[in-house]
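**Student:** Dumping the structure here so I can ask a few things about it.
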Amino acid sequence: MAQTGNTLLIDPALERRRLARRKRRGDVFAVLLLMATLFGLMMLTAQIIDIAVDGLAWLRPELFTNYHSRHPEEAGMKSAIVGSLIVIAMTGLLSFPLGVGAAIYLEEYAPRNRLTNFINVNISNLAGVPSIVYGMLGLVVFGRMFGIFQPGSFLVRALNLDVSGRGGLTFDLLGIPWLTVQLPFQRSMVAGALTMTLLILPVVIIASREAIRAVPSSLRLAAYGLGATRWQVVSRQVLPAAMPGILTGMILALSRAMGETAPLIIMGAFTYVPFLPESVWDQFTVMPIQIYNWITLPQHEYRFGLAAAGIIVLLAMLLAM
């Protein structure tokens, strides 16, 4: 490369050599990425094959119709399957309006200032917090409610509340018997669903914001040009266009919640529940906890056969979602 006056001359041979070196580096990097991807897929395939070999023989009707038993051939995960479905359904009902509403506010209504930046940073940080931390938070906030409803607490003595022997307050919401509320929530499915909502809420907010941000601004400007209000633009133009991305993030977040064990163990979910829940205030168990319980048992049938069959059922439910 040489410079003559104000003209920059490039040596064609030198430029070809530079391009060739860059292409070789790009090809090497592409091969490394391909090898990393293939290695991950091979390990995943090996795990699935190993689980299928151990668990397919145990995929029997008893697995879906029976409760846990001391005899492996009679053991099932009926209560765990029902508990997982109820907890995930409640988690979705709680996290979808909260997460999408927060994303709409932050993207469409919130001013760009220090407070908004502070909220954005904290949401991003909360998405990476270990799940066991959410379990401890849920236990203190939802399960025990800081102990304010325990017998002898300041609130109970100040308001002269009649707490039950289990340490709590029970009343009918709006005077309707089937809308019974228990405070604190203790080891109920409500406490578990609220804890899982805290766990996936940052992911739902981030995914929803990215989907809303991907909607072209020209769509908004065209709606404003036709005289639409801000809420009409958001509800009738932005949300329908962003809904596929929002639902994708929601499904991924619920899949994470369905496979989590640590928060619910901290919350006090039971490993053996020989009944189906009759209300959202009942004790419960979920499939990951049932699988974990089987893996810890010394019998070979539990550790390999039934645990692998439970993993297959869990994977099938995740893929169905």
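Chain labels A, B, ... are given in the sequence in which chains occur in the structure tokens; within each chain residues are numbered consecutively from 1, and ligands are likewise numbered from 1 in the order shown.
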Need the shell around range 291-301 of chain A: protein/DNA/RNA residues with any atom at most 7 Å away, counting only C-alpha atoms. Skip same-chain ones fewer than 5 positions apart. Format as number ranges by chain?
**Tutor:** A: 72, 271, 306-307, 310
**Student:** Write out as a PyMOL selection string all residues of range 36-87 of chain A that backbone DSSP assigns to alpha helix (DSSP H).
**Tutor:** chain A and resi 36-55+61-65+78-87
**Student:** Which residues come within 8 Å of Ala103 in chain A, counting only C-alpha atoms, excluding same-chain residues fewer than 4 positions away, as a PyMOL selection string?
**Tutor:** chain A and resi 99+107+205-206+208-209+212
**Student:** Using only C-alpha atoms, what does the table of range 227-253 of chain A residues within 10 Å of range 257-267 of chain A look like, with each row giving the shortest atom pair and its distance in Å to one decimal, sorted by chain and ascending number, as a tab-separated table?
**Tutor:**
residue	atom	partner	partner_atom	distance
A:Ile251	CA	A:Ala257	CA	9.8
A:Leu252	CA	A:Ala257	CA	8.7
A:Ala253	CA	A:Ala257	CA	6.3
**Student:** For the residues in the current selection, export all heavy atoms as a compact mmCIF listing (two decimals), in the first residue's frame.
**Tutor:**
# COMPACT_ATOMS: atom_id res chain seq x y z
N ILE A 251 -43.18 -19.45 27.29
CA ILE A 251 -43.06 -20.91 27.27
C ILE A 251 -41.69 -21.33 27.80
O ILE A 251 -41.58 -22.29 28.59
CB ILE A 251 -43.29 -21.44 25.85
CG1 ILE A 251 -44.76 -21.24 25.44
CG2 ILE A 251 -42.93 -22.91 25.75
CD1 ILE A 251 -45.04 -21.56 24.00
N LEU A 252 -40.63 -20.64 27.40
CA LEU A 252 -39.29 -20.97 27.90
C LEU A 252 -39.20 -20.75 29.41
O LEU A 252 -38.58 -21.54 30.13
CB LEU A 252 -38.25 -20.14 27.17
CG LEU A 252 -38.07 -20.43 25.68
CD1 LEU A 252 -37.08 -19.46 25.06
CD2 LEU A 252 -37.62 -21.86 25.47
N ALA A 253 -39.81 -19.67 29.90
CA ALA A 253 -39.78 -19.40 31.34
C ALA A 253 -40.56 -20.46 32.11
O ALA A 253 -40.10 -20.94 33.16
CB ALA A 253 -40.36 -18.01 31.61
**Student:** Would you write out, as JSON lines, a table of all residues in range 185-258 of chain A that have an atom no more than 7 Å from an atom of range 81-88 of chain A, listing for each the closest atom pair and the distance in Å to one decimal, considering only C-alpha atoms and ordering rows by chain and rising residue number?
**Tutor:**
{"residue": "A:Met189", "atom": "CA", "partner": "A:Val87", "partner_atom": "CA", "distance": 6.2}
{"residue": "A:Gly192", "atom": "CA", "partner": "A:Val87", "partner_atom": "CA", "distance": 6.9}
{"residue": "A:Ala193", "atom": "CA", "partner": "A:Val87", "partner_atom": "CA", "distance": 5.3}
{"residue": "A:Leu254", "atom": "CA", "partner": "A:Ile88", "partner_atom": "CA", "distance": 6.8}
{"residue": "A:Met258", "atom": "CA", "partner": "A:Ile88", "partner_atom": "CA", "distance": 6.5}
**Student:** Can you tell me which residues surround Ala269 in chain A at a distance of at most 9 Å, considering only C-alpha atoms, apart from same-chain residues fewer than 5 positions away, and format the answer as a PyMOL selection string?
**Tutor:** chain A and resi 187-189+192+264+283-286+289
**Student:** Write out as a compact mmCIF listing (two decimals) with C-alpha atoms, in the first residue's frame which residues come within 9 Å of Val53 in chain A when counting only C-alpha atoms, dropping same-chain ones fewer than 5 positions away.
**Tutor:**
# COMPACT_ATOMS: atom_id res chain seq x y z
CA ILE A 48 -31.53 -39.18 26.37
CA GLY A 305 -35.93 -47.41 36.35
CA ALA A 308 -35.67 -42.46 34.31
**Student:** Could you jot down the CA of Met35 in chain A to CA of Ala52 in chain A separation for me, Å, one decimal place?
**Tutor:**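 We find that CA of Met35 in chain A and CA of Ala52 in chain A lie 25.3 Å from each other.
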**Student:** So which one's closest to Gly55 in chain A, A:Arg303, A:Arg236, A:Arg256, A:Arg17? Using only C-alpha atoms, please.
**Tutor:**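 For Gly55 in chain A, the nearest of the given residues is A:Arg303.
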**Student:** Calculate how many Å separate CA of Ala241 in chain A from CA of Leu98 in chain A, rounding to one decimal.
**Tutor:** 19.2 Å
